[in-house]
>>> print(open('work.cif').read())   # mmCIF, C-alpha atoms
data_work
#
loop_
_atom_site.label_atom_id
_atom_site.label_comp_id
_atom_site.auth_asym_id
_atom_site.auth_seq_id
_atom_site.Cartn_x
_atom_site.Cartn_y
_atom_site.Cartn_z
CA MET E 413 141.30 63.40 136.15
CA LYS E 414 138.53 65.45 137.77
CA ILE E 415 136.87 68.03 135.51
CA LEU E 416 134.31 70.72 136.35
CA ILE E 417 132.17 71.82 133.38
CA ASP E 418 129.85 74.81 133.56
CA ILE E 419 126.83 74.76 131.23
CA GLY E 420 125.07 78.04 130.46
CA HIS E 421 122.83 77.24 127.50
CA PRO E 422 121.10 74.19 125.97
CA ALA E 423 123.62 74.21 123.10
CA HIS E 424 126.45 73.67 125.59
CA VAL E 425 124.91 70.35 126.62
CA HIS E 426 125.34 69.16 123.05
CA TYR E 427 128.88 70.55 122.86
CA PHE E 428 130.06 68.49 125.82
CA LYS E 429 127.74 65.44 126.01
CA ASN E 430 129.86 63.10 123.87
CA PHE E 431 133.07 64.31 125.48
CA ILE E 432 131.66 63.56 128.95
CA LYS E 433 130.57 60.04 128.00
CA ILE E 434 133.89 59.20 126.34
CA MET E 435 135.94 60.58 129.22
CA GLU E 436 133.78 58.83 131.84
CA SER E 437 134.38 55.54 130.01
CA LYS E 438 138.10 56.20 130.51
CA GLY E 439 137.67 56.71 134.24
CA HIS E 440 137.61 60.50 134.46
CA GLU E 441 135.20 62.19 136.90
CA PHE E 442 132.93 65.17 136.32
CA LEU E 443 131.03 67.82 138.21
CA ILE E 444 128.53 69.69 136.04
CA THR E 445 127.08 73.04 137.09
CA ALA E 446 124.28 74.40 134.92
CA ARG E 447 122.12 77.48 134.50
CA ASP E 448 118.35 76.99 134.53
CA LYS E 449 117.74 78.20 130.96
CA ASP E 450 115.11 76.92 128.51
CA ILE E 451 115.51 73.13 128.01
CA THR E 452 119.03 72.81 129.49
CA PHE E 453 117.96 70.60 132.39
CA ASP E 454 115.67 68.51 130.17
CA LEU E 455 118.60 67.73 127.90
CA LEU E 456 120.97 66.94 130.77
CA ARG E 457 118.44 64.50 132.22
CA LYS E 458 117.78 62.98 128.79
CA TYR E 459 121.48 62.26 128.36
CA ASP E 460 121.76 61.00 131.95
CA ILE E 461 124.22 63.72 132.97
CA ALA E 462 124.08 64.65 136.65
CA TYR E 463 124.20 68.39 137.36
CA LEU E 464 123.94 71.09 140.01
CA ASN E 465 121.52 73.98 139.45
CA ARG E 466 123.20 77.41 139.63
CA GLY E 467 119.97 79.36 139.08
CA LYS E 468 118.24 81.25 136.31
CA GLY E 469 120.47 84.30 135.87
CA GLY E 470 119.52 87.98 135.72
CA ARG E 471 117.72 90.02 133.04
CA SER E 472 118.64 93.64 133.84
CA LEU E 473 122.27 94.81 133.90
CA PHE E 474 122.15 95.00 137.71
CA GLY E 475 120.54 91.55 137.86
CA LYS E 476 123.25 90.09 135.61
CA LEU E 477 126.02 91.58 137.76
CA LEU E 478 124.40 90.32 140.96
CA TYR E 479 123.99 86.87 139.42
CA LEU E 480 127.64 86.92 138.30
CA VAL E 481 128.76 87.24 141.92
CA ARG E 482 126.31 84.59 143.15
CA ALA E 483 127.17 82.08 140.44
CA ASP E 484 130.92 82.64 140.88
CA PHE E 485 130.70 81.75 144.55
CA PHE E 486 128.27 78.87 143.95
CA ILE E 487 130.78 77.21 141.60
CA PHE E 488 133.68 78.11 143.89
CA ARG E 489 132.01 76.38 146.86
CA LYS E 490 131.21 73.26 144.84
CA ALA E 491 134.72 73.19 143.40
CA LYS E 492 136.27 73.35 146.88
CA LEU E 493 134.45 70.12 147.72
CA PHE E 494 134.98 68.39 144.34
CA LYS E 495 138.65 69.42 143.94
CA PRO E 496 138.78 69.46 140.11
CA ASP E 497 142.06 69.24 138.19
CA LEU E 498 140.70 71.70 135.62
CA PHE E 499 137.63 73.69 134.58
CA LEU E 500 136.08 73.50 131.12
CA SER E 501 133.34 75.62 129.57
CA PHE E 502 131.99 77.49 126.60
CA SER E 503 132.92 81.09 127.49
CA SER E 504 131.77 80.85 131.12
CA ALA E 505 132.88 83.78 133.24
CA TYR E 506 131.62 81.89 136.30
CA ALA E 507 133.90 78.91 135.67
CA ALA E 508 136.79 81.24 134.81
CA HIS E 509 136.48 83.22 138.03
CA ALA E 510 135.98 80.14 140.22
CA SER E 511 138.99 78.44 138.64
CA LYS E 512 141.21 81.30 139.72
CA MET E 513 139.76 81.20 143.24
CA VAL E 514 140.82 77.56 143.62
CA GLY E 515 144.03 77.87 141.59
CA LYS E 516 143.19 75.47 138.76
CA PRO E 517 143.31 76.03 134.97
CA HIS E 518 140.25 77.01 132.96
CA ILE E 519 139.95 75.99 129.30
CA ALA E 520 137.23 77.77 127.32
CA PHE E 521 135.72 77.28 123.88
CA ASP E 522 134.12 80.29 122.18
CA ASP E 523 132.79 81.08 118.69
CA THR E 524 130.86 84.27 119.44
CA GLU E 525 132.84 87.39 118.54
CA HIS E 526 129.92 89.72 119.26
CA ALA E 527 129.56 88.61 122.91
CA LYS E 528 131.45 91.73 123.98
CA PHE E 529 130.54 91.59 127.67
CA GLU E 530 131.61 87.94 128.01
CA LEU E 531 134.87 88.62 126.13
CA LEU E 532 135.69 91.29 128.69
CA ILE E 533 135.08 89.27 131.82
CA TYR E 534 136.27 85.70 131.25
CA PRO E 535 139.50 85.64 129.12
CA PRO E 536 141.71 87.34 131.76
CA PHE E 537 140.89 84.44 134.12
CA THR E 538 141.22 81.71 131.48
CA ASP E 539 144.33 79.72 130.62
CA VAL E 540 143.46 78.50 127.10
CA LEU E 541 141.01 80.01 124.60
CA LEU E 542 139.92 77.53 121.91
CA ASN E 543 138.29 79.21 118.91
CA PRO E 544 137.27 78.10 115.42
CA LYS E 545 139.81 78.94 112.73
CA CYS E 546 137.28 81.39 111.23
CA PHE E 547 136.84 83.27 114.57
CA GLN E 548 137.52 86.91 113.74
CA LYS E 549 139.12 88.15 116.97
CA ASP E 550 142.76 87.84 117.96
CA LEU E 551 142.71 86.97 121.67
CA GLY E 552 146.47 86.84 122.11
CA ALA E 553 148.87 84.21 123.34
CA LYS E 554 146.22 82.12 125.07
CA GLN E 555 144.34 81.53 121.82
CA ILE E 556 144.42 78.22 119.92
CA ARG E 557 142.40 77.84 116.72
CA PHE E 558 140.76 74.62 115.52
CA ASP E 559 139.46 74.07 112.00
CA SER E 560 135.82 73.26 112.68
CA TYR E 561 132.61 74.52 114.28
CA MET E 562 131.36 73.75 117.78
CA GLU E 563 128.34 71.99 116.26
CA PHE E 564 130.63 69.31 114.85
CA SER E 565 131.09 68.10 118.44
CA TYR E 566 127.69 66.39 118.11
CA LEU E 567 126.66 66.55 114.45
CA HIS E 568 129.78 64.90 113.05
CA PRO E 569 128.70 61.64 111.35
CA ASP E 570 130.70 59.68 113.95
CA PHE E 571 128.10 60.79 116.52
CA PHE E 572 124.90 61.94 114.86
CA LYS E 573 122.46 59.29 113.66
CA PRO E 574 119.07 60.74 112.61
CA ASN E 575 115.92 59.19 114.03
CA ASP E 576 114.27 57.09 111.30
CA SER E 577 110.83 57.68 112.79
CA ILE E 578 110.94 61.47 112.74
CA ARG E 579 108.23 61.86 110.08
CA ALA E 580 105.89 59.59 111.99
CA LEU E 581 106.57 61.60 115.15
CA LEU E 582 105.78 64.81 113.26
CA LYS E 583 102.62 63.16 111.88
CA ILE E 584 103.55 63.81 108.24
CA SER E 585 103.97 61.49 105.27
CA GLU E 586 107.16 60.59 103.41
CA SER E 587 106.08 62.81 100.50
CA ASP E 588 105.40 65.92 102.62
CA LYS E 589 107.87 68.78 102.29
CA PHE E 590 108.29 70.95 105.37
CA VAL E 591 110.06 74.09 106.52
CA LEU E 592 111.37 74.59 110.04
CA PHE E 593 111.43 78.12 111.47
CA ARG E 594 113.33 79.11 114.61
CA PHE E 595 112.41 82.28 116.49
CA ILE E 596 114.46 83.40 119.49
CA SER E 597 113.55 85.39 122.60
CA TRP E 598 116.39 87.98 122.33
CA GLY E 599 117.17 87.61 126.04
CA ALA E 600 120.93 86.89 125.92
CA SER E 601 123.34 89.70 126.83
CA HIS E 602 124.76 89.73 123.29
CA ASP E 603 121.19 90.04 121.89
CA ILE E 604 120.52 93.42 123.51
CA GLY E 605 119.68 95.95 120.78
CA GLN E 606 119.69 93.28 118.07
CA SER E 607 116.90 92.08 115.79
CA GLY E 608 115.82 89.34 113.41
CA ILE E 609 112.69 88.74 111.32
CA PRO E 610 109.79 91.19 111.82
CA ASN E 611 106.44 89.57 112.59
CA ASN E 612 104.84 90.72 109.36
CA THR E 613 107.67 89.10 107.38
CA LYS E 614 107.26 85.89 109.37
CA LEU E 615 103.58 85.83 108.42
CA GLU E 616 104.42 86.50 104.76
CA LEU E 617 106.90 83.61 104.78
CA ILE E 618 104.38 81.23 106.31
CA LYS E 619 101.86 82.23 103.64
CA LEU E 620 104.46 81.70 100.90
CA PHE E 621 105.36 78.21 102.09
CA LYS E 622 101.74 77.18 102.56
CA GLU E 623 100.97 78.29 99.01
CA LYS E 624 103.86 76.12 97.81
CA GLY E 625 102.43 73.11 99.65
CA TYR E 626 104.90 72.97 102.53
CA LYS E 627 104.05 71.90 106.06
CA ILE E 628 105.03 74.54 108.63
CA PHE E 629 106.88 73.85 111.88
CA ILE E 630 108.14 76.49 114.31
CA SER E 631 110.67 76.08 117.10
CA GLY E 632 110.55 78.99 119.52
CA GLU E 633 112.19 80.13 122.74
CA GLY E 634 109.56 80.75 125.39
CA SER E 635 106.02 81.67 124.39
CA LEU E 636 104.89 82.33 120.82
CA SER E 637 102.09 84.61 119.67
CA GLU E 638 98.77 83.10 118.63
CA ASP E 639 99.73 83.44 114.96
CA PHE E 640 102.71 81.12 115.45
CA GLU E 641 101.87 78.88 118.42
CA LYS E 642 99.67 76.60 116.29
CA TYR E 643 102.74 75.68 114.23
CA ARG E 644 105.01 74.91 117.20
CA VAL E 645 106.90 71.66 116.66
CA SER E 646 105.87 69.26 119.42
CA ILE E 647 108.72 66.84 119.86
CA SER E 648 111.22 65.76 122.50
CA PRO E 649 114.00 68.41 122.48
CA GLU E 650 116.86 66.00 121.73
CA LEU E 651 115.13 65.08 118.44
CA ILE E 652 115.24 68.58 116.97
CA HIS E 653 118.38 67.75 114.99
CA SER E 654 116.56 64.89 113.28
CA VAL E 655 113.84 67.40 112.37
CA LEU E 656 116.49 69.75 110.97
CA ASN E 657 118.06 66.89 109.04
CA GLU E 658 114.74 65.99 107.42
CA ALA E 659 113.54 69.55 106.68
CA ALA E 660 113.50 70.84 103.12
CA ILE E 661 114.70 74.23 104.34
CA PHE E 662 115.47 76.06 107.60
CA ILE E 663 114.77 79.75 108.28
CA GLY E 664 115.62 81.32 111.60
CA GLU E 665 117.13 83.88 113.94
CA SER E 666 119.24 81.37 115.88
CA GLY E 667 122.87 81.17 114.84
CA THR E 668 123.28 77.77 116.43
CA MET E 669 120.36 76.19 114.58
CA ALA E 670 121.34 77.90 111.33
CA THR E 671 124.78 76.32 111.63
CA GLU E 672 123.30 72.95 112.57
CA ALA E 673 121.10 73.00 109.46
CA ALA E 674 124.06 73.95 107.27
CA ILE E 675 126.20 71.12 108.69
CA LEU E 676 123.39 68.64 108.02
CA GLY E 677 123.03 69.76 104.40
CA THR E 678 119.66 71.44 104.90
CA PRO E 679 119.42 74.80 103.06
CA SER E 680 119.78 77.34 105.86
CA VAL E 681 118.60 80.96 105.89
CA PHE E 682 119.86 82.98 108.87
CA VAL E 683 118.42 86.41 109.73
CA ASN E 684 120.06 88.26 112.62
CA SER E 685 121.66 91.69 112.90
CA LEU E 686 124.70 89.98 114.44
CA ASP E 687 127.32 88.28 112.30
CA ALA E 688 130.24 85.95 113.09
CA GLY E 689 133.15 84.25 111.39
CA VAL E 690 131.41 80.87 111.53
CA PHE E 691 128.47 82.19 109.49
CA GLN E 692 130.78 83.79 106.94
CA ASP E 693 132.65 80.51 106.59
CA GLU E 694 129.41 78.60 105.95
CA VAL E 695 128.42 81.17 103.33
CA LYS E 696 131.70 80.43 101.51
CA TYR E 697 130.75 76.75 101.38
CA GLY E 698 127.37 77.69 99.89
CA LEU E 699 125.54 76.14 102.85
CA LEU E 700 124.16 79.27 104.51
CA TYR E 701 122.29 82.36 103.31
CA SER E 702 123.07 85.01 105.90
CA TYR E 703 121.11 88.27 106.32
CA ARG E 704 121.59 91.13 108.80
CA ASN E 705 117.95 92.16 108.32
CA ALA E 706 114.88 91.03 106.38
CA ASN E 707 115.53 93.22 103.32
CA GLY E 708 115.35 91.00 100.24
CA LEU E 709 114.51 87.94 102.31
CA ILE E 710 111.16 87.13 100.68
CA GLU E 711 112.66 87.45 97.21
CA LYS E 712 115.64 85.23 98.05
CA ILE E 713 113.51 82.47 99.57
CA SER E 714 111.08 82.65 96.63
CA ASN E 715 114.03 82.08 94.30
CA LEU E 716 115.36 79.19 96.38
CA LEU E 717 111.99 77.48 96.19
CA THR E 718 112.21 77.41 92.37
CA ILE E 719 115.29 75.13 92.56
CA ASP E 720 114.00 71.56 92.35
CA ASP E 721 117.21 69.92 93.63
CA LEU E 722 118.06 72.54 96.24
CA LYS E 723 118.57 70.08 99.08
CA GLU E 724 120.57 67.69 96.89
CA GLN E 725 122.90 70.58 95.98
CA HIS E 726 123.40 71.37 99.67
CA LEU E 727 124.11 67.74 100.55
CA LEU E 728 126.90 67.72 97.94
CA ARG E 729 128.37 70.93 99.38
CA ARG E 730 128.18 69.37 102.83
CA GLU E 731 130.59 66.62 101.70
CA LYS E 732 133.25 69.25 101.05
CA LEU E 733 132.66 70.69 104.53
CA LEU E 734 132.95 67.25 106.15
CA ASN E 735 136.22 66.61 104.33
CA ASP E 736 137.71 69.87 105.57
CA LYS E 737 136.60 70.08 109.22
CA ILE E 738 137.81 68.11 112.24
CA ASN E 739 135.74 66.12 114.74
CA VAL E 740 135.61 68.57 117.65
CA THR E 741 134.86 65.93 120.30
CA SER E 742 137.82 63.75 119.29
CA PHE E 743 140.05 66.83 119.35
CA MET E 744 138.64 67.84 122.75
CA VAL E 745 139.32 64.41 124.28
CA TRP E 746 142.92 64.50 123.08
CA PHE E 747 143.46 68.11 124.13
CA ILE E 748 142.12 67.70 127.66
CA GLU E 749 143.73 64.33 128.35
CA ASN E 750 147.11 65.65 127.21
CA TYR E 751 146.89 69.12 128.74
CA PRO E 752 149.18 71.09 129.15
CA GLN E 753 151.42 69.27 126.61
CA SER E 754 148.61 69.61 124.06
CA VAL E 755 148.99 73.40 124.16
CA LYS E 756 152.67 73.10 123.23
CA THR E 757 151.84 70.61 120.47
CA MET E 758 149.20 72.88 118.90
CA LYS E 759 151.41 75.96 119.15
CA GLU E 760 154.32 74.21 117.45
CA ASN E 761 152.28 72.19 114.93
CA PRO E 762 148.70 73.43 114.41
CA ASP E 763 148.19 70.79 111.69
CA TYR E 764 148.31 68.10 114.38
CA GLN E 765 144.55 68.66 114.78
CA TYR E 766 143.84 67.12 111.36
CA ARG E 767 144.46 63.70 112.90
CA PHE E 768 140.97 64.14 114.36
CA LYS E 769 138.89 64.19 111.18
#
>>> encode(input="work.cif", output="structure tokens")
Amino acid sequence: MKILIDIGHPAHVHYFKNFIKIMESKGHEFLITARDKDITFDLLRKYDIAYLNRGKGGRSLFGKLLYLVRADFFIFRKAKLFKPDLFLSFSSAYAAHASKMVGKPHIAFDDTEHAKFELLIYPPFTDVLLNPKCFQKDLGAKQIRFDSYMEFSYLHPDFFKPNDSIRALLKISESDKFVLFRFISWGASHDIGQSGIPNNTKLELIKLFKEKGYKIFISGEGSLSEDFEKYRVSISPELIHSVLNEAAIFIGESGTMATEAAILGTPSVFVNSLDAGVFQDEVKYGLLYSYRNANGLIEKISNLLTIDDLKEQHLLRREKLLNDKINVTSFMVWFIENYPQSVKTMKENPDYQYRFK
């Protein structure tokens, strides 16, 4: 089988990397197109995944629309040469549109209910919509729900093995406690008009953790102000999950990293005006503390820091999560290899997916 995957964000590299390697070992062929965003290309090279560069994208509404047309035709031209049997993506309008131009099916994953623009422009051109069970939108007959999170495609214990040298790489001792912050750039289309942690609150949090004896590390999209740059975590990007795994607590504006921390059993505090079913599900498991703004944030974190066995409590809650959720990569391999029969199977017997725990 020949599969074209479009990658639009660094997280998508993680979503598909294990799937690509497994499927290649079975003789399937891939063409990867990718947007030049943040560390996407660094990750693709690190995992030895060949790709074609479809450009940086636009920032204004006009720029985004112009880029939509350009990227559609870029993927269309490459697909005409590659002749894929199907297209696969995480909510890529470009892959969806190109798939219709060449008359091949497009299968899309999506967990982002608030991406209103994307949900307008790619589902009509997509054959199957794969969403987490906790996804809050009904997308109609094309929708199939799976009982997991996208992050389980790479953080499931079958795949994720933390780097034992992460403390040495961070230049801290075994006894050092540290907090990892994640600040985002608010440049995505679904981030327009949204907000996270105000700068003064960020500074208060850093002061609080320093007073409690914690080391401070910050992961940030793009440039950081002088107040925060000195704390930037300096580590190869594929090792960030080992940092998350080792952290005493995570605080951030990134939904992806908040979910990653929760899955790994690291107490996770998420501050973003946007909400989603995945975050609400993690709150139910007691793995995520989710805030739409910074009101009450300092008080909550101060209280969390009084709990001596906070991380141990979260690791126990994580076991319940692991017992309930499926291995997304294993499910993906089965679903794609058996498409379109897999659609019929999931429609008739949704519990079939639990074979992939």
>>> closest_residue(input="work.cif", among="E:Ser472, E:Ser565, E:Ser577, E:Thr538", to="E:Leu551", atoms="only C-alpha atoms")
E:Thr538
>>> residues_around(input="work.cif", residues="E:Phe572", least_positions_apart="4", cutoff="10 Å", atoms="all atoms listed in the file", output="number ranges by chain")
E: 564-568, 653-654, 676
>>> write_last_selection(input="work.cif", atoms="C-alpha atoms", output="PDB file, in the coordinates of the input")
ATOM      1  CA  PHE E 564     130.630  69.310 114.850  1.00  0.00           C
ATOM      2  CA  SER E 565     131.090  68.100 118.440  1.00  0.00           C
ATOM      3  CA  TYR E 566     127.690  66.390 118.110  1.00  0.00           C
ATOM      4  CA  LEU E 567     126.660  66.550 114.450  1.00  0.00           C
ATOM      5  CA  HIS E 568     129.780  64.900 113.050  1.00  0.00           C
ATOM      6  CA  HIS E 653     118.380  67.750 114.990  1.00  0.00           C
ATOM      7  CA  SER E 654     116.560  64.890 113.280  1.00  0.00           C
ATOM      8  CA  LEU E 676     123.390  68.640 108.020  1.00  0.00           C
TER       9      LEU E 676
END
>>> resolve_selection(input="work.cif", expression="the PyMOL selection byres ((chain E and resi 730-737) around 12)", output="VMD selection string")
chain E and resid 544 to 546 558 to 565 567 to 570 671 to 680 693 to 700 723 to 729 738 to 743 763 765 to 769
>>> closest_atom_pairs(input="work.cif", of="stretch 415-487 of chain E", to="stretch 517-531 of chain E", cutoff="10 Å", atoms="all atoms listed in the file", output="tab-separated table")
residue	atom	partner	partner_atom	distance
E:Ile415	CA	E:His518	CA	9.9
E:Leu416	CA	E:His518	CA	9.3
E:Ile417	CA	E:His518	CA	9.6
E:Tyr427	CA	E:Phe521	CA	9.6
>>> atom_distance(input="work.cif", atom1="atom CA of E:Asp484", atom2="atom CA of E:Tyr534")
11.4 Å
>>> decode(input="work.cif", residues="stretch 629-732 of chain E", atoms="C-alpha atoms", output="PDB file, in the first residue's frame")
ATOM      1  CA  PHE E 629      12.792  24.924  33.143  1.00  0.00           C
ATOM      2  CA  ILE E 630      10.780  26.611  30.396  1.00  0.00           C
ATOM      3  CA  SER E 631       9.856  25.223  26.988  1.00  0.00           C
ATOM      4  CA  GLY E 632       8.684  27.966  24.655  1.00  0.00           C
ATOM      5  CA  GLU E 633       7.537  28.396  21.069  1.00  0.00           C
ATOM      6  CA  GLY E 634       9.716  30.943  19.298  1.00  0.00           C
ATOM      7  CA  SER E 635      11.491  33.644  21.283  1.00  0.00           C
ATOM      8  CA  LEU E 636      11.039  34.226  25.008  1.00  0.00           C
ATOM      9  CA  SER E 637      11.376  37.504  26.889  1.00  0.00           C
ATOM     10  CA  GLU E 638      14.519  38.180  28.901  1.00  0.00           C
ATOM     11  CA  ASP E 639      12.705  37.228  32.111  1.00  0.00           C
ATOM     12  CA  PHE E 640      12.107  33.698  30.811  1.00  0.00           C
ATOM     13  CA  GLU E 641      14.864  32.994  28.270  1.00  0.00           C
ATOM     14  CA  LYS E 642      17.407  32.207  31.009  1.00  0.00           C
ATOM     15  CA  TYR E 643      15.239  29.263  32.084  1.00  0.00           C
ATOM     16  CA  ARG E 644      14.781  27.794  28.598  1.00  0.00           C
ATOM     17  CA  VAL E 645      15.319  24.034  28.616  1.00  0.00           C
ATOM     18  CA  SER E 646      18.272  23.282  26.341  1.00  0.00           C
ATOM     19  CA  ILE E 647      17.816  19.749  25.130  1.00  0.00           C
ATOM     20  CA  SER E 648      17.299  17.845  21.894  1.00  0.00           C
ATOM     21  CA  PRO E 649      13.576  18.184  21.028  1.00  0.00           C
ATOM     22  CA  GLU E 650      12.818  14.454  20.954  1.00  0.00           C
ATOM     23  CA  LEU E 651      13.880  14.227  24.626  1.00  0.00           C
ATOM     24  CA  ILE E 652      11.217  16.618  25.923  1.00  0.00           C
ATOM     25  CA  HIS E 653       8.957  13.715  26.901  1.00  0.00           C
ATOM     26  CA  SER E 654      11.693  12.325  29.130  1.00  0.00           C
ATOM     27  CA  VAL E 655      11.886  15.765  30.759  1.00  0.00           C
ATOM     28  CA  LEU E 656       8.106  15.726  31.255  1.00  0.00           C
ATOM     29  CA  ASN E 657       8.294  12.225  32.697  1.00  0.00           C
ATOM     30  CA  GLU E 658      10.918  13.276  35.250  1.00  0.00           C
ATOM     31  CA  ALA E 659       9.366  16.637  36.232  1.00  0.00           C
ATOM     32  CA  ALA E 660       7.711  17.051  39.614  1.00  0.00           C
ATOM     33  CA  ILE E 661       4.975  19.147  38.015  1.00  0.00           C
ATOM     34  CA  PHE E 662       4.047  20.650  34.638  1.00  0.00           C
ATOM     35  CA  ILE E 663       2.383  24.046  34.118  1.00  0.00           C
ATOM     36  CA  GLY E 664       1.569  25.312  30.661  1.00  0.00           C
ATOM     37  CA  GLU E 665      -0.598  26.778  27.928  1.00  0.00           C
ATOM     38  CA  SER E 666      -0.081  23.878  25.499  1.00  0.00           C
ATOM     39  CA  GLY E 667      -2.882  21.325  25.426  1.00  0.00           C
ATOM     40  CA  THR E 668      -0.639  18.719  23.856  1.00  0.00           C
ATOM     41  CA  MET E 669       2.056  18.966  26.522  1.00  0.00           C
ATOM     42  CA  ALA E 670      -0.533  19.135  29.299  1.00  0.00           C
ATOM     43  CA  THR E 671      -1.985  15.859  28.027  1.00  0.00           C
ATOM     44  CA  GLU E 672       1.466  14.322  27.643  1.00  0.00           C
ATOM     45  CA  ALA E 673       2.296  15.173  31.266  1.00  0.00           C
ATOM     46  CA  ALA E 674      -1.016  13.718  32.458  1.00  0.00           C
ATOM     47  CA  ILE E 675      -0.445  10.468  30.528  1.00  0.00           C
ATOM     48  CA  LEU E 676       3.027  10.146  32.049  1.00  0.00           C
ATOM     49  CA  GLY E 677       1.707  10.619  35.591  1.00  0.00           C
ATOM     50  CA  THR E 678       3.238  14.062  36.079  1.00  0.00           C
ATOM     51  CA  PRO E 679       0.837  16.481  37.834  1.00  0.00           C
ATOM     52  CA  SER E 680      -0.355  18.710  35.002  1.00  0.00           C
ATOM     53  CA  VAL E 681      -1.781  22.237  35.234  1.00  0.00           C
ATOM     54  CA  PHE E 682      -3.266  23.542  31.977  1.00  0.00           C
ATOM     55  CA  VAL E 683      -4.167  27.214  31.503  1.00  0.00           C
ATOM     56  CA  ASN E 684      -5.847  28.141  28.226  1.00  0.00           C
ATOM     57  CA  SER E 685      -9.126  29.873  27.407  1.00  0.00           C
ATOM     58  CA  LEU E 686      -9.905  26.958  25.073  1.00  0.00           C
ATOM     59  CA  ASP E 687     -11.270  23.677  26.374  1.00  0.00           C
ATOM     60  CA  ALA E 688     -11.746  20.226  24.805  1.00  0.00           C
ATOM     61  CA  GLY E 689     -13.218  16.842  25.610  1.00  0.00           C
ATOM     62  CA  VAL E 690      -9.768  15.315  26.064  1.00  0.00           C
ATOM     63  CA  PHE E 691      -8.934  17.781  28.848  1.00  0.00           C
ATOM     64  CA  GLN E 692     -12.265  17.174  30.569  1.00  0.00           C
ATOM     65  CA  ASP E 693     -11.642  13.426  30.414  1.00  0.00           C
ATOM     66  CA  GLU E 694      -8.206  13.822  32.030  1.00  0.00           C
ATOM     67  CA  VAL E 695      -9.743  15.963  34.776  1.00  0.00           C
ATOM     68  CA  LYS E 696     -12.126  13.076  35.554  1.00  0.00           C
ATOM     69  CA  TYR E 697      -9.124  10.785  36.040  1.00  0.00           C
ATOM     70  CA  GLY E 698      -7.600  13.324  38.440  1.00  0.00           C
ATOM     71  CA  LEU E 699      -4.560  13.745  36.191  1.00  0.00           C
ATOM     72  CA  LEU E 700      -5.132  17.297  34.950  1.00  0.00           C
ATOM     73  CA  TYR E 701      -6.001  20.615  36.583  1.00  0.00           C
ATOM     74  CA  SER E 702      -7.626  22.637  33.822  1.00  0.00           C
ATOM     75  CA  TYR E 703      -8.150  26.423  33.927  1.00  0.00           C
ATOM     76  CA  ARG E 704      -9.708  28.772  31.356  1.00  0.00           C
ATOM     77  CA  ASN E 705      -7.807  31.713  32.865  1.00  0.00           C
ATOM     78  CA  ALA E 706      -5.309  32.374  35.657  1.00  0.00           C
ATOM     79  CA  ASN E 707      -7.913  33.146  38.335  1.00  0.00           C
ATOM     80  CA  GLY E 708      -7.122  31.011  41.379  1.00  0.00           C
ATOM     81  CA  LEU E 709      -4.066  29.514  39.716  1.00  0.00           C
ATOM     82  CA  ILE E 710      -1.482  30.648  42.283  1.00  0.00           C
ATOM     83  CA  GLU E 711      -3.626  29.385  45.152  1.00  0.00           C
ATOM     84  CA  LYS E 712      -4.207  25.993  43.509  1.00  0.00           C
ATOM     85  CA  ILE E 713      -0.524  25.423  42.754  1.00  0.00           C
ATOM     86  CA  SER E 714       0.433  26.544  46.271  1.00  0.00           C
ATOM     87  CA  ASN E 715      -1.940  23.902  47.635  1.00  0.00           C
ATOM     88  CA  LEU E 716      -0.583  21.206  45.321  1.00  0.00           C
ATOM     89  CA  LEU E 717       2.937  21.914  46.540  1.00  0.00           C
ATOM     90  CA  THR E 718       1.888  21.065  50.118  1.00  0.00           C
ATOM     91  CA  ILE E 719       1.124  17.458  49.079  1.00  0.00           C
ATOM     92  CA  ASP E 720       4.282  15.447  49.733  1.00  0.00           C
ATOM     93  CA  ASP E 721       3.274  12.439  47.601  1.00  0.00           C
ATOM     94  CA  LEU E 722       1.614  14.397  44.791  1.00  0.00           C
ATOM     95  CA  LYS E 723       3.490  12.675  41.982  1.00  0.00           C
ATOM     96  CA  GLU E 724       3.002   9.227  43.532  1.00  0.00           C
ATOM     97  CA  GLN E 725      -0.757   9.877  43.649  1.00  0.00           C
ATOM     98  CA  HIS E 726      -0.732  10.819  39.966  1.00  0.00           C
ATOM     99  CA  LEU E 727       1.257   7.731  38.992  1.00  0.00           C
ATOM    100  CA  LEU E 728      -1.411   5.561  40.660  1.00  0.00           C
ATOM    101  CA  ARG E 729      -4.170   7.395  38.781  1.00  0.00           C
ATOM    102  CA  ARG E 730      -2.210   6.898  35.579  1.00  0.00           C
ATOM    103  CA  GLU E 731      -2.508   3.107  35.996  1.00  0.00           C
ATOM    104  CA  LYS E 732      -6.293   3.403  35.773  1.00  0.00           C
TER     105      LYS E 732
END
